[in-house]
file coords.csv (CSV, C-alpha atoms)
chain,number,residue,atom,x,y,z
A,22,MET,CA,-11.8,20.1,39.1
A,23,PHE,CA,-8.9,18.6,41.0
A,24,GLU,CA,-7.8,16.6,38.0
A,25,GLN,CA,-5.8,19.7,37.1
A,26,ALA,CA,-3.2,18.3,39.5
A,27,VAL,CA,-2.3,15.5,37.2
A,28,THR,CA,-2.0,17.3,33.9
A,29,THR,CA,0.6,19.8,32.7
A,30,THR,CA,-2.1,21.7,30.8
A,31,LYS,CA,-3.4,24.8,32.7
A,32,ILE,CA,-7.2,24.6,32.5
A,33,ILE,CA,-9.3,27.8,32.5
A,34,ARG,CA,-13.1,27.7,32.9
A,35,THR,CA,-15.3,30.6,31.8
A,36,GLY,CA,-18.8,31.2,30.6
A,37,ARG,CA,-17.8,33.6,27.9
A,38,LEU,CA,-14.6,34.6,26.2
A,39,SER,CA,-14.2,38.2,25.1
A,40,PRO,CA,-11.7,39.5,22.5
A,41,GLN,CA,-9.9,41.3,25.2
A,42,GLU,CA,-9.6,38.1,27.3
A,43,MET,CA,-8.3,36.2,24.3
A,44,ASP,CA,-5.8,39.0,23.5
A,45,LYS,CA,-4.6,38.9,27.2
A,46,LEU,CA,-4.2,35.1,27.1
A,47,ILE,CA,-2.1,35.2,23.9
A,48,PHE,CA,0.1,37.9,25.5
A,49,TYR,CA,0.5,35.8,28.7
A,50,VAL,CA,1.4,32.7,26.7
A,51,GLY,CA,3.4,34.1,23.8
A,52,GLY,CA,4.9,37.3,25.3
A,53,GLU,CA,5.0,40.9,24.2
A,54,HIS,CA,5.7,40.1,20.5
A,55,ALA,CA,3.4,37.1,20.3
A,56,HIS,CA,2.1,36.3,16.8
A,57,PRO,CA,-0.7,33.8,16.9
A,58,CYS,CA,-2.1,31.5,14.3
A,59,LEU,CA,-5.7,30.4,15.0
A,60,ILE,CA,-6.9,27.1,13.7
A,61,ILE,CA,-10.7,26.9,13.3
A,62,ASP,CA,-13.2,24.8,11.3
A,63,ASN,CA,-15.7,26.2,8.8
A,64,TYR,CA,-18.9,25.7,10.9
A,65,PRO,CA,-20.5,28.9,12.0
A,66,LEU,CA,-20.3,29.5,15.7
A,67,PRO,CA,-21.5,33.1,16.4
A,68,PRO,CA,-19.7,33.6,19.8
A,69,ARG,CA,-16.4,32.4,18.4
A,70,ASP,CA,-16.8,34.4,15.2
A,71,ALA,CA,-17.6,37.6,17.1
A,72,MET,CA,-14.6,37.0,19.4
A,73,LEU,CA,-12.3,36.6,16.4
A,74,GLU,CA,-13.7,39.7,14.7
A,75,GLY,CA,-13.0,41.7,17.9
A,76,LEU,CA,-9.5,40.1,18.2
A,77,ARG,CA,-8.6,41.3,14.7
A,78,LYS,CA,-9.0,44.9,16.0
A,79,LEU,CA,-6.6,44.3,18.9
A,80,ARG,CA,-3.7,42.5,17.2
A,81,SER,CA,-2.5,40.9,14.0
A,82,ILE,CA,-3.6,37.3,13.7
A,83,ASP,CA,-3.4,34.5,11.1
A,84,ILE,CA,-6.5,32.3,10.7
A,85,GLN,CA,-6.3,28.9,9.0
A,86,ASP,CA,-9.4,26.8,8.5
A,87,ARG,CA,-8.4,23.8,6.4
A,88,VAL,CA,-10.0,21.5,9.0
A,89,PHE,CA,-12.3,18.6,8.2
A,90,PRO,CA,-13.3,15.4,10.1
A,91,ASP,CA,-10.5,12.9,10.4
A,92,PRO,CA,-7.9,15.6,9.5
A,93,LYS,CA,-5.7,14.8,6.5
A,94,THR,CA,-2.0,15.3,6.7
A,95,GLY,CA,-2.1,17.3,3.4
A,96,ASP,CA,-4.4,19.9,5.0
A,97,VAL,CA,-2.1,20.2,8.0
A,98,THR,CA,0.9,20.6,5.8
A,99,ALA,CA,-0.9,23.3,3.7
A,100,MET,CA,-1.7,25.3,6.9
A,101,VAL,CA,1.9,24.9,8.1
A,102,ASN,CA,3.2,26.2,4.8
A,103,ALA,CA,0.9,29.1,4.9
A,104,VAL,CA,2.3,30.5,8.1
A,105,LYS,CA,5.8,29.0,8.5
A,106,ASP,CA,7.5,32.3,7.4
A,107,LYS,CA,5.4,34.5,9.6
A,108,LEU,CA,7.2,34.0,12.9
A,109,VAL,CA,4.2,32.4,14.5
A,110,ASN,CA,5.0,31.5,18.1
A,111,VAL,CA,1.5,30.7,19.4
A,112,VAL,CA,-1.1,28.3,17.9
A,113,VAL,CA,-4.7,28.5,19.1
A,114,GLY,CA,-7.1,25.7,18.1
A,115,ILE,CA,-10.8,26.5,18.6
A,116,GLY,CA,-13.1,23.7,17.6
A,117,GLY,CA,-13.9,20.0,18.0
A,118,GLY,CA,-11.4,17.2,18.1
A,119,SER,CA,-10.4,17.5,14.5
A,120,THR,CA,-9.6,21.2,15.0
A,121,MET,CA,-7.6,20.7,18.2
A,122,ASP,CA,-5.7,17.8,16.7
A,123,SER,CA,-4.9,19.9,13.6
A,124,ALA,CA,-3.6,22.7,15.9
A,125,LYS,CA,-1.4,20.2,17.7
A,126,ALA,CA,0.0,19.0,14.4
A,127,VAL,CA,0.6,22.6,13.2
A,128,ALA,CA,2.5,23.5,16.4
A,129,THR,CA,4.5,20.3,16.2
A,130,ALA,CA,5.5,20.7,12.5
A,131,LEU,CA,6.4,24.4,13.0
A,132,SER,CA,8.7,23.4,15.8
A,133,ASN,CA,10.3,20.3,14.3
A,134,GLY,CA,10.1,20.8,10.5
A,135,GLY,CA,9.0,18.4,7.8
A,136,GLU,CA,5.5,17.2,7.0
A,137,LEU,CA,3.1,15.5,9.3
A,138,ASP,CA,3.3,12.2,7.4
A,139,ASP,CA,7.0,12.1,8.4
A,140,TYR,CA,5.9,11.5,12.0
A,141,LEU,CA,3.3,8.8,11.5
A,142,GLY,CA,3.5,5.0,11.5
A,143,ALA,CA,5.6,2.4,13.2
A,144,THR,CA,8.9,3.6,11.6
A,145,PRO,CA,8.6,7.4,11.2
A,146,SER,CA,11.3,9.3,9.4
A,147,ARG,CA,11.1,12.2,11.9
A,148,ARG,CA,10.6,12.3,15.6
A,149,ILE,CA,9.2,15.0,17.9
A,150,GLU,CA,12.1,16.6,19.7
A,151,LYS,CA,11.0,20.1,20.7
A,152,ARG,CA,8.1,22.5,20.7
A,153,GLU,CA,9.1,26.1,20.3
A,154,VAL,CA,5.5,27.2,19.5
A,155,LYS,CA,3.0,27.6,22.4
A,156,LEU,CA,-0.3,25.8,22.2
A,157,ILE,CA,-3.8,27.0,23.4
A,158,LEU,CA,-6.8,24.7,22.8
A,159,ILE,CA,-10.4,25.7,23.2
A,160,PRO,CA,-13.1,23.0,22.6
A,161,THR,CA,-16.4,23.7,21.0
A,162,THR,CA,-17.8,20.2,21.5
A,163,ALA,CA,-18.0,18.2,24.7
A,164,GLY,CA,-16.5,14.9,23.8
A,165,THR,CA,-13.0,14.5,22.6
A,166,GLY,CA,-11.0,15.8,25.6
A,167,SER,CA,-8.2,16.6,23.1
A,168,GLU,CA,-7.6,19.9,24.9
A,169,VAL,CA,-5.8,17.9,27.7
A,170,THR,CA,-4.3,15.0,25.8
A,171,LYS,CA,-0.9,14.5,24.3
A,172,VAL,CA,-2.3,12.7,21.2
A,173,GLY,CA,-3.8,13.6,17.8
A,174,VAL,CA,-5.5,11.4,15.2
A,175,TYR,CA,-4.6,11.9,11.5
A,176,THR,CA,-5.4,10.4,8.1
A,177,SER,CA,-2.2,9.8,6.2
A,178,ARG,CA,-1.6,10.0,2.4
A,179,ASN,CA,-2.5,6.3,2.1
A,180,GLY,CA,-5.9,6.8,3.8
A,181,ARG,CA,-4.9,5.0,7.1
A,182,LYS,CA,-5.8,6.7,10.4
A,183,TYR,CA,-2.9,7.0,12.8
A,184,THR,CA,-2.6,8.1,16.4
A,185,LEU,CA,0.4,10.3,17.0
A,186,GLY,CA,1.3,10.9,20.7
A,187,HIS,CA,4.1,12.7,22.5
A,188,PRO,CA,4.3,14.8,25.7
A,189,LEU,CA,5.3,17.8,23.6
A,190,MET,CA,1.9,17.7,21.9
A,191,GLN,CA,0.2,18.6,25.2
A,192,ALA,CA,-1.4,22.0,25.2
A,193,ASP,CA,0.0,24.7,27.5
A,194,VAL,CA,-3.4,26.1,28.2
A,195,ALA,CA,-7.0,24.7,27.7
A,196,VAL,CA,-9.9,27.1,27.9
A,197,LEU,CA,-13.4,25.6,28.6
A,198,VAL,CA,-15.9,28.1,27.3
A,199,THR,CA,-19.5,27.2,28.2
A,200,GLU,CA,-20.9,29.5,25.5
A,201,TYR,CA,-19.2,27.5,22.8
A,202,VAL,CA,-21.1,24.4,23.5
A,203,GLU,CA,-24.5,25.8,24.5
A,204,THR,CA,-25.9,25.5,20.9
A,205,LEU,CA,-24.4,22.1,20.1
A,206,PRO,CA,-27.2,20.3,18.1
A,207,PRO,CA,-28.7,17.0,19.3
A,208,ALA,CA,-26.9,14.6,17.0
A,209,LEU,CA,-23.5,16.1,17.9
A,210,THR,CA,-24.4,16.3,21.6
A,211,ALA,CA,-25.2,12.6,21.4
A,212,SER,CA,-22.1,11.4,19.5
A,213,THR,CA,-19.6,13.5,21.4
A,214,ALA,CA,-21.1,12.4,24.7
A,215,PHE,CA,-20.5,8.8,23.8
A,216,ASP,CA,-17.0,9.6,22.7
A,217,ALA,CA,-16.4,11.1,26.2
A,218,LEU,CA,-18.0,8.1,27.8
A,219,SER,CA,-15.9,5.7,25.7
A,220,HIS,CA,-12.7,7.5,26.8
A,221,ALA,CA,-13.6,7.0,30.5
A,222,LEU,CA,-14.6,3.3,30.1
A,223,GLU,CA,-11.6,2.5,27.9
A,224,THR,CA,-9.3,3.9,30.5
A,225,ILE,CA,-10.9,1.5,33.0
A,226,TRP,CA,-10.5,-1.7,30.8
A,227,ASN,CA,-7.0,-0.8,29.8
A,228,LYS,CA,-3.7,-2.8,30.4
A,229,ASN,CA,-2.0,0.6,31.2
A,230,ALA,CA,-4.5,1.4,34.0
A,231,GLY,CA,-3.3,2.3,37.4
A,232,PRO,CA,-4.8,3.7,40.6
A,233,LEU,CA,-4.6,7.3,39.4
A,234,SER,CA,-6.2,6.7,36.0
A,235,ASP,CA,-8.8,4.4,37.6
A,236,ARG,CA,-10.0,7.0,40.0
A,237,ILE,CA,-10.3,9.8,37.4
A,238,ALA,CA,-11.9,7.5,34.9
A,239,VAL,CA,-14.5,6.2,37.3
A,240,GLU,CA,-15.3,9.7,38.5
A,241,SER,CA,-15.5,11.0,34.9
A,242,ALA,CA,-17.8,8.1,33.9
A,243,ILE,CA,-20.1,8.8,36.8
A,244,HIS,CA,-20.2,12.5,35.9
A,245,ILE,CA,-20.8,12.0,32.2
A,246,LEU,CA,-23.6,9.4,32.8
A,247,THR,CA,-25.2,11.8,35.3
A,248,TRP,CA,-25.3,14.7,32.8
A,249,MET,CA,-25.4,13.3,29.2
A,250,GLU,CA,-29.1,12.7,29.0
A,251,ARG,CA,-29.9,16.1,30.5
A,252,ALA,CA,-27.5,17.7,28.0
A,253,TYR,CA,-29.2,15.8,25.1
A,254,ASP,CA,-32.7,16.7,26.3
A,255,SER,CA,-31.8,20.4,26.6
A,256,SER,CA,-30.3,20.3,23.0
A,257,LEU,CA,-33.7,19.2,21.8
A,258,SER,CA,-35.5,22.0,23.5
A,259,GLY,CA,-33.0,24.8,22.9
A,260,LEU,CA,-32.0,25.0,26.5
A,261,THR,CA,-28.5,24.9,28.0
A,262,GLU,CA,-28.8,22.5,31.0
A,263,GLY,CA,-25.9,20.0,31.2
A,264,ARG,CA,-23.7,21.8,28.7
A,265,ALA,CA,-21.1,23.1,31.1
A,266,GLU,CA,-21.1,19.8,33.0
A,267,MET,CA,-20.5,17.8,29.8
A,268,LEU,CA,-17.7,20.1,28.8
A,269,GLU,CA,-16.2,19.4,32.3
A,270,GLY,CA,-16.8,15.6,32.0
A,271,ALA,CA,-15.1,15.4,28.6
A,272,CYS,CA,-12.1,17.2,30.0
A,273,MET,CA,-12.0,14.8,33.0
A,274,ALA,CA,-12.2,11.8,30.7
A,275,GLY,CA,-9.5,13.3,28.4
A,276,THR,CA,-7.2,13.6,31.5
A,277,ALA,CA,-7.8,10.0,32.3
A,278,PHE,CA,-7.2,8.4,28.9
A,279,SER,CA,-4.1,10.6,28.3
A,280,MET,CA,-2.5,8.3,30.9
A,281,THR,CA,-3.4,5.0,29.3
A,282,GLY,CA,-4.4,5.5,25.7
A,283,THR,CA,-7.7,4.1,24.4
A,284,ALA,CA,-8.5,0.4,23.6
A,285,ALA,CA,-10.6,-1.9,21.4
A,286,VAL,CA,-13.6,0.4,20.9
A,287,HIS,CA,-11.3,3.1,19.4
A,288,ALA,CA,-9.3,0.6,17.4
A,289,LEU,CA,-12.5,-0.8,15.8
A,290,SER,CA,-13.9,2.8,15.3
A,291,PHE,CA,-10.9,3.7,13.1
A,292,ILE,CA,-11.9,1.0,10.6
A,293,LEU,CA,-15.4,2.4,10.4
A,294,SER,CA,-14.1,5.9,9.8
A,295,GLU,CA,-11.5,4.8,7.3
A,296,GLU,CA,-13.7,2.6,5.2
A,297,TRP,CA,-17.1,4.5,5.5
A,298,HIS,CA,-16.3,7.9,7.0
A,299,VAL,CA,-18.5,7.2,10.0
A,300,PRO,CA,-18.2,10.2,12.4
A,301,HIS,CA,-15.8,9.4,15.3
A,302,GLY,CA,-18.3,9.6,18.2
A,303,VAL,CA,-20.8,7.5,16.3
A,304,ALA,CA,-18.1,4.9,15.4
A,305,CYS,CA,-17.2,4.6,19.1
A,306,ALA,CA,-20.8,4.2,20.2
A,307,PHE,CA,-21.2,1.4,17.6
A,308,THR,CA,-19.3,-1.2,19.6
A,309,LEU,CA,-19.3,0.2,23.1
A,310,GLU,CA,-21.7,-2.1,24.8
A,311,ASP,CA,-20.2,-5.1,22.9
A,312,VAL,CA,-16.7,-4.4,24.1
A,313,PHE,CA,-18.2,-3.7,27.6
A,314,ARG,CA,-19.6,-7.2,27.7
A,315,LEU,CA,-16.3,-8.7,26.6
A,316,ASN,CA,-14.2,-6.9,29.1
A,317,VAL,CA,-16.4,-7.6,32.1
A,318,ALA,CA,-14.7,-11.0,32.1
A,319,ASP,CA,-11.7,-9.3,33.8
A,320,ALA,CA,-12.4,-9.2,37.5
A,321,ALA,CA,-10.7,-5.8,38.2
A,322,THR,CA,-12.6,-4.2,35.4
A,323,LYS,CA,-15.9,-5.6,36.7
A,324,ARG,CA,-15.2,-4.1,40.1
A,325,ARG,CA,-14.5,-0.7,38.6
A,326,LEU,CA,-17.6,-0.8,36.5
A,327,ALA,CA,-19.7,-2.0,39.4
A,328,LYS,CA,-18.5,1.1,41.4
A,329,ILE,CA,-19.9,3.3,38.6
A,330,GLY,CA,-23.2,1.5,38.7
A,331,LYS,CA,-23.5,1.7,42.4
A,332,ALA,CA,-22.8,5.4,42.4
A,333,LEU,CA,-25.4,6.1,39.7
A,334,PHE,CA,-28.2,3.9,41.0
A,335,GLY,CA,-27.6,3.5,44.8
A,336,GLY,CA,-30.2,1.7,46.8
A,337,SER,CA,-29.7,-1.7,48.4
A,338,ASP,CA,-26.6,-3.7,47.6
A,339,ILE,CA,-27.2,-6.0,44.6
A,340,GLY,CA,-23.6,-7.1,44.2
A,341,ASP,CA,-21.1,-6.4,41.4
A,342,ASP,CA,-23.0,-8.4,38.8
A,343,GLY,CA,-26.2,-6.4,39.6
A,344,TRP,CA,-24.5,-3.0,39.4
A,345,VAL,CA,-22.7,-3.9,36.2
A,346,THR,CA,-26.0,-5.1,34.6
A,347,LEU,CA,-27.7,-1.8,35.5
A,348,LEU,CA,-24.8,0.2,34.1
A,349,LEU,CA,-24.8,-1.7,30.8
A,350,ASN,CA,-28.6,-1.4,30.5
A,351,ARG,CA,-28.3,2.3,31.1
A,352,ILE,CA,-25.7,2.7,28.3
A,353,VAL,CA,-27.8,0.7,25.9
A,354,ALA,CA,-30.9,2.7,26.7
A,355,LEU,CA,-29.1,6.0,26.1
A,356,LYS,CA,-27.8,4.7,22.8
A,357,LYS,CA,-31.4,4.0,21.8
A,358,LYS,CA,-32.7,7.3,23.0
A,359,PHE,CA,-29.9,9.2,21.2
A,360,SER,CA,-30.6,7.2,17.9
A,361,LEU,CA,-27.0,5.9,17.7
A,362,PRO,CA,-26.3,2.8,15.6
A,363,PHE,CA,-26.5,-0.8,16.8
A,364,THR,CA,-26.1,-2.6,13.4
A,365,PHE,CA,-24.4,-2.1,10.1
A,366,ASP,CA,-27.8,-1.5,8.6
A,367,ASP,CA,-28.2,1.5,10.9
A,368,LEU,CA,-25.0,2.8,9.3
A,369,ASN,CA,-26.2,2.0,5.8
A,370,ILE,CA,-23.3,-0.4,5.5
A,371,ARG,CA,-24.0,-3.7,3.7
A,372,LEU,CA,-21.7,-6.6,4.7
A,373,LYS,CA,-21.5,-10.3,4.7
A,374,VAL,CA,-20.0,-12.2,7.7
A,375,GLY,CA,-17.0,-13.1,5.5
A,376,ASP,CA,-16.2,-9.4,5.0
A,377,ILE,CA,-15.6,-8.7,8.7
A,378,GLU,CA,-12.3,-10.5,8.9
A,379,ASP,CA,-10.9,-8.9,5.8
A,380,LEU,CA,-12.0,-5.4,6.8
A,381,PHE,CA,-11.3,-5.4,10.5
A,382,ARG,CA,-8.2,-7.6,10.7
A,383,LYS,CA,-5.9,-4.5,10.5
A,384,SER,CA,-7.3,-3.3,13.8
A,385,LEU,CA,-5.3,-6.0,15.5
A,386,ASP,CA,-2.1,-4.2,14.6
A,387,ASP,CA,-3.4,-0.9,16.2
A,388,PRO,CA,-1.6,-0.1,19.5
A,389,LYS,CA,-5.0,0.8,20.9
A,390,MET,CA,-6.2,-2.7,20.4
A,391,LYS,CA,-3.2,-4.0,22.3
A,392,ASN,CA,-4.2,-1.8,25.3
A,393,ASN,CA,-7.4,-3.7,25.7
A,394,ILE,CA,-7.5,-5.7,29.0
A,395,ILE,CA,-8.9,-8.8,27.2
A,396,ASP,CA,-6.6,-9.9,24.3
A,397,MET,CA,-8.5,-10.0,21.0
A,398,ASP,CA,-7.9,-12.0,17.9
A,399,GLU,CA,-9.7,-12.3,14.5
A,400,ALA,CA,-12.2,-14.8,15.8
A,401,MET,CA,-13.2,-12.6,18.6
A,402,ILE,CA,-13.7,-9.6,16.3
A,403,VAL,CA,-15.9,-11.7,14.0
A,404,SER,CA,-17.9,-12.9,17.0
A,405,LEU,CA,-18.4,-9.4,18.3
A,406,LEU,CA,-19.3,-7.8,14.9
A,407,ALA,CA,-21.2,-10.7,13.1
A,408,PRO,CA,-24.4,-10.2,15.2
A,409,LYS,CA,-24.5,-6.6,13.9
A,410,ILE,CA,-25.0,-7.7,10.3

call {"tool": "encode", "arguments": {"input": "coords.csv", "output": "structure tokens"}}
result
Amino acid sequence: MFEQAVTTTKIIRTGRLSPQEMDKLIFYVGGEHAHPCLIIDNYPLPPRDAMLEGLRKLRSIDIQDRVFPDPKTGDVTAMVNAVKDKLVNVVVGIGGGSTMDSAKAVATALSNGGELDDYLGATPSRRIEKREVKLILIPTTAGTGSEVTKVGVYTSRNGRKYTLGHPLMQADVAVLVTEYVETLPPALTASTAFDALSHALETIWNKNAGPLSDRIAVESAIHILTWMERAYDSSLSGLTEGRAEMLEGACMAGTAFSMTGTAAVHALSFILSEEWHVPHGVACAFTLEDVFRLNVADAATKRRLAKIGKALFGGSDIGDDGWVTLLLNRIVALKKKFSLPFTFDDLNIRLKVGDIEDLFRKSLDDPKMKNNIIDMDEAMIVSLLAPKI
């Protein structure tokens, strides 16, 4: 994975992670007197849990597990307060995107003081100026790419979701452990795969895109679309095919969008998560093909998407329009196969057309929406979402 060359995070790949290897990594990152705080979620994961049990026998560790989807600032503050007097100098996040984002926030707050809410919004009262605590991130899903990004997503006291980003939030080390994703269930395999795919595509149709981000995004999209169906099928049958490849693809896509930020799909997904607690990957899948159709109007975006289609389907040259159509049809077919939502009814959300403008207007103020290559306004959001009612 040559994408390592464009990220400051050291990426380690391994099939398994033993307690001895974890102890060694903490020592290498934090030094002889390293005192780690491990941030985990409450979902049972036997290989992780066995590793932690063994690690306890090798060194003193603090474990914090106040991690839930769409991490709340109050939970982050509680974890910080629990360890701030314990001379923690290494934070290890082991989990999905919410866990890794929580770990980033804990390391940030331990280094800079205050509460997480102080850093959020357009006019924060505190700014990230240093990071004295080392950060190791280990994903247990194959979607968010958070292990190689400089951003986290948090739910503030007022219920709004905010993206906080800074180079000092970038992990020092990311460890891709195949064993941690081998038992990912079908629904989570599906939603996290579409989260990873949306990261790649939103890098492509992004105002901040450049040659470097384009290349990685196109290659990661090809990789993800090559493997996501196989990973899903293997999750249905209890096999492991495609799991390591999807972990790699999500990391590639994370490297890509870390350069550009995300765009309209993610801006709209935040409203779904704020208002109705729709899981993040599901919320991204909800509008992916709709925003795809909108952004194809940009000529450069169409060329990049056509390149993906041509790489996936090959054969005789059918022109950019043909490749793009095949690519879009493939994405729609995978959404159907994965039982992901196309309508508000699929999400058990009852709306009238008049509700869309009121509920989704605030997405226009989201910096992610401003990244979208095609400028969007309220009328465009209504036209995009109204057919889903």

call {"tool": "closest_residue", "arguments": {"input": "coords.csv", "among": "A:Ala71, A:Ala55, A:Met397, A:Leu268", "to": "A:Thr199", "atoms": "all atoms listed in the file"}}
result
A:Leu268

call {"tool": "closest_residue", "arguments": {"input": "coords.csv", "among": "A:Val303, A:Ala271, A:Leu385, A:Ala195", "to": "A:Leu246", "atoms": "all atoms listed in the file"}}
result
A:Ala271

call {"tool": "atom_distance", "arguments": {"input": "coords.csv", "atom1": "atom CA of A:Ser294", "atom2": "atom CA of A:Leu349"}}
result
24.8 Å

call {"tool": "residues_around", "arguments": {"input": "coords.csv", "residues": "A:Val154", "least_positions_apart": "2", "cutoff": "8 Å", "atoms": "all atoms listed in the file", "output": "PDB file with C-alpha atoms, keeping the file's coordinate frame"}}
result
ATOM      1  CA  VAL A 109       4.200  32.400  14.500  1.00  0.00           C
ATOM      2  CA  ASN A 110       5.000  31.500  18.100  1.00  0.00           C
ATOM      3  CA  VAL A 111       1.500  30.700  19.400  1.00  0.00           C
ATOM      4  CA  VAL A 112      -1.100  28.300  17.900  1.00  0.00           C
ATOM      5  CA  ALA A 128       2.500  23.500  16.400  1.00  0.00           C
ATOM      6  CA  THR A 129       4.500  20.300  16.200  1.00  0.00           C
ATOM      7  CA  LEU A 131       6.400  24.400  13.000  1.00  0.00           C
ATOM      8  CA  SER A 132       8.700  23.400  15.800  1.00  0.00           C
ATOM      9  CA  ARG A 152       8.100  22.500  20.700  1.00  0.00           C
ATOM     10  CA  LEU A 156      -0.300  25.800  22.200  1.00  0.00           C
TER      11      LEU A 156
END

call {"tool": "atom_distance", "arguments": {"input": "coords.csv", "atom1": "atom CA of A:Arg34", "atom2": "atom CA of A:Val196"}}
result
6.0 Å

call {"tool": "residues_around", "arguments": {"input": "coords.csv", "residues": "A:Val353", "least_positions_apart": "2", "cutoff": "12 Å", "atoms": "all atoms listed in the file", "output": "list in words"}}
result
Phe215, Leu246, Ala306, Phe307, Thr308, Leu309, Glu310, Asp311, Phe313, Arg314, Thr346, Leu347, Leu348, Leu349, Asn350, Arg351, Leu355, Lys356, Lys357, Lys358, Phe359, Ser360, Leu361, Pro362 and Phe363 of chain A

call {"tool": "write_last_selection", "arguments": {"input": "coords.csv", "atoms": "C-alpha atoms", "output": "compact mmCIF listing (two decimals), in the coordinates of the input"}}
result
# COMPACT_ATOMS: atom_id res chain seq x y z
CA PHE A 215 -20.50 8.80 23.80
CA LEU A 246 -23.60 9.40 32.80
CA ALA A 306 -20.80 4.20 20.20
CA PHE A 307 -21.20 1.40 17.60
CA THR A 308 -19.30 -1.20 19.60
CA LEU A 309 -19.30 0.20 23.10
CA GLU A 310 -21.70 -2.10 24.80
CA ASP A 311 -20.20 -5.10 22.90
CA PHE A 313 -18.20 -3.70 27.60
CA ARG A 314 -19.60 -7.20 27.70
CA THR A 346 -26.00 -5.10 34.60
CA LEU A 347 -27.70 -1.80 35.50
CA LEU A 348 -24.80 0.20 34.10
CA LEU A 349 -24.80 -1.70 30.80
CA ASN A 350 -28.60 -1.40 30.50
CA ARG A 351 -28.30 2.30 31.10
CA LEU A 355 -29.10 6.00 26.10
CA LYS A 356 -27.80 4.70 22.80
CA LYS A 357 -31.40 4.00 21.80
CA LYS A 358 -32.70 7.30 23.00
CA PHE A 359 -29.90 9.20 21.20
CA SER A 360 -30.60 7.20 17.90
CA LEU A 361 -27.00 5.90 17.70
CA PRO A 362 -26.30 2.80 15.60
CA PHE A 363 -26.50 -0.80 16.80

call {"tool": "atom_distance", "arguments": {"input": "coords.csv", "atom1": "atom CA of A:Ala320", "atom2": "atom CA of A:Glu223"}}
result
15.2 Å

call {"tool": "closest_residue", "arguments": {"input": "coords.csv", "among": "A:Val127, A:Val50, A:Ala407, A:Ala304", "to": "A:Ser219", "atoms": "only C-alpha atoms"}}
result
A:Ala304

call {"tool": "residues_around", "arguments": {"input": "coords.csv", "residues": "stretch 393-395 of chain A", "least_positions_apart": "4", "cutoff": "9 Å", "atoms": "all atoms listed in the file", "output": "list in words"}}
result
Glu223, Ile225, Trp226, Asn227, Lys228, Asn229, Thr283, Ala284, Ala285, Val286, Leu315, Asn316, Ala318, Asp319, Thr322 and Lys389 of chain A

call {"tool": "residues_around", "arguments": {"input": "coords.csv", "residues": "stretch 173-177 of chain A", "least_positions_apart": "5", "cutoff": "12 Å", "atoms": "only C-alpha atoms", "output": "JSON, numbers by chain"}}
result
{"A": [88, 89, 90, 91, 92, 93, 94, 95, 96, 97, 98, 117, 118, 119, 120, 121, 122, 123, 124, 125, 126, 127, 128, 129, 136, 137, 138, 139, 140, 141, 142, 165, 166, 167, 168, 182, 183, 184, 185, 186, 187, 188, 189, 190, 191, 192, 279, 282, 283, 287, 288, 291, 292, 294, 295, 296, 298, 301]}

call {"tool": "closest_residue", "arguments": {"input": "coords.csv", "among": "A:Pro388, A:Met43, A:Glu53, A:Trp297", "to": "A:Ile370", "atoms": "all atoms listed in the file"}}
result
A:Trp297

call {"tool": "closest_residue", "arguments": {"input": "coords.csv", "among": "A:Leu326, A:Ala321, A:Cys58, A:Val299", "to": "A:Val239", "atoms": "only C-alpha atoms"}}
result
A:Leu326

call {"tool": "closest_residue", "arguments": {"input": "coords.csv", "among": "A:Glu153, A:Glu24, A:Asp86, A:Asp216", "to": "A:Cys305", "atoms": "only C-alpha atoms"}}
result
A:Asp216

call {"tool": "residues_around", "arguments": {"input": "coords.csv", "residues": "A:Glu74", "least_positions_apart": "5", "cutoff": "12 Å", "atoms": "only C-alpha atoms", "output": "ChimeraX atom specification"}}
result
/A:39-41,43-44,67-69,79-82,84

call {"tool": "residues_near_point", "arguments": {"input": "coords.csv", "point": "(-21.8, -4.0, 38.9)", "cutoff": "6 Å", "atoms": "only C-alpha atoms", "output": "short mmCIF file (atom, residue, chain, number, x, y, z; two decimals) with C-alpha atoms, keeping the file's coordinate frame"}}
result
data_model
loop_
_atom_site.label_atom_id
_atom_site.label_comp_id
_atom_site.auth_asym_id
_atom_site.auth_seq_id
_atom_site.Cartn_x
_atom_site.Cartn_y
_atom_site.Cartn_z
CA LEU A 326 -17.60 -0.80 36.50
CA ALA A 327 -19.70 -2.00 39.40
CA GLY A 330 -23.20 1.50 38.70
CA ASP A 341 -21.10 -6.40 41.40
CA ASP A 342 -23.00 -8.40 38.80
CA GLY A 343 -26.20 -6.40 39.60
CA TRP A 344 -24.50 -3.00 39.40
CA VAL A 345 -22.70 -3.90 36.20
#
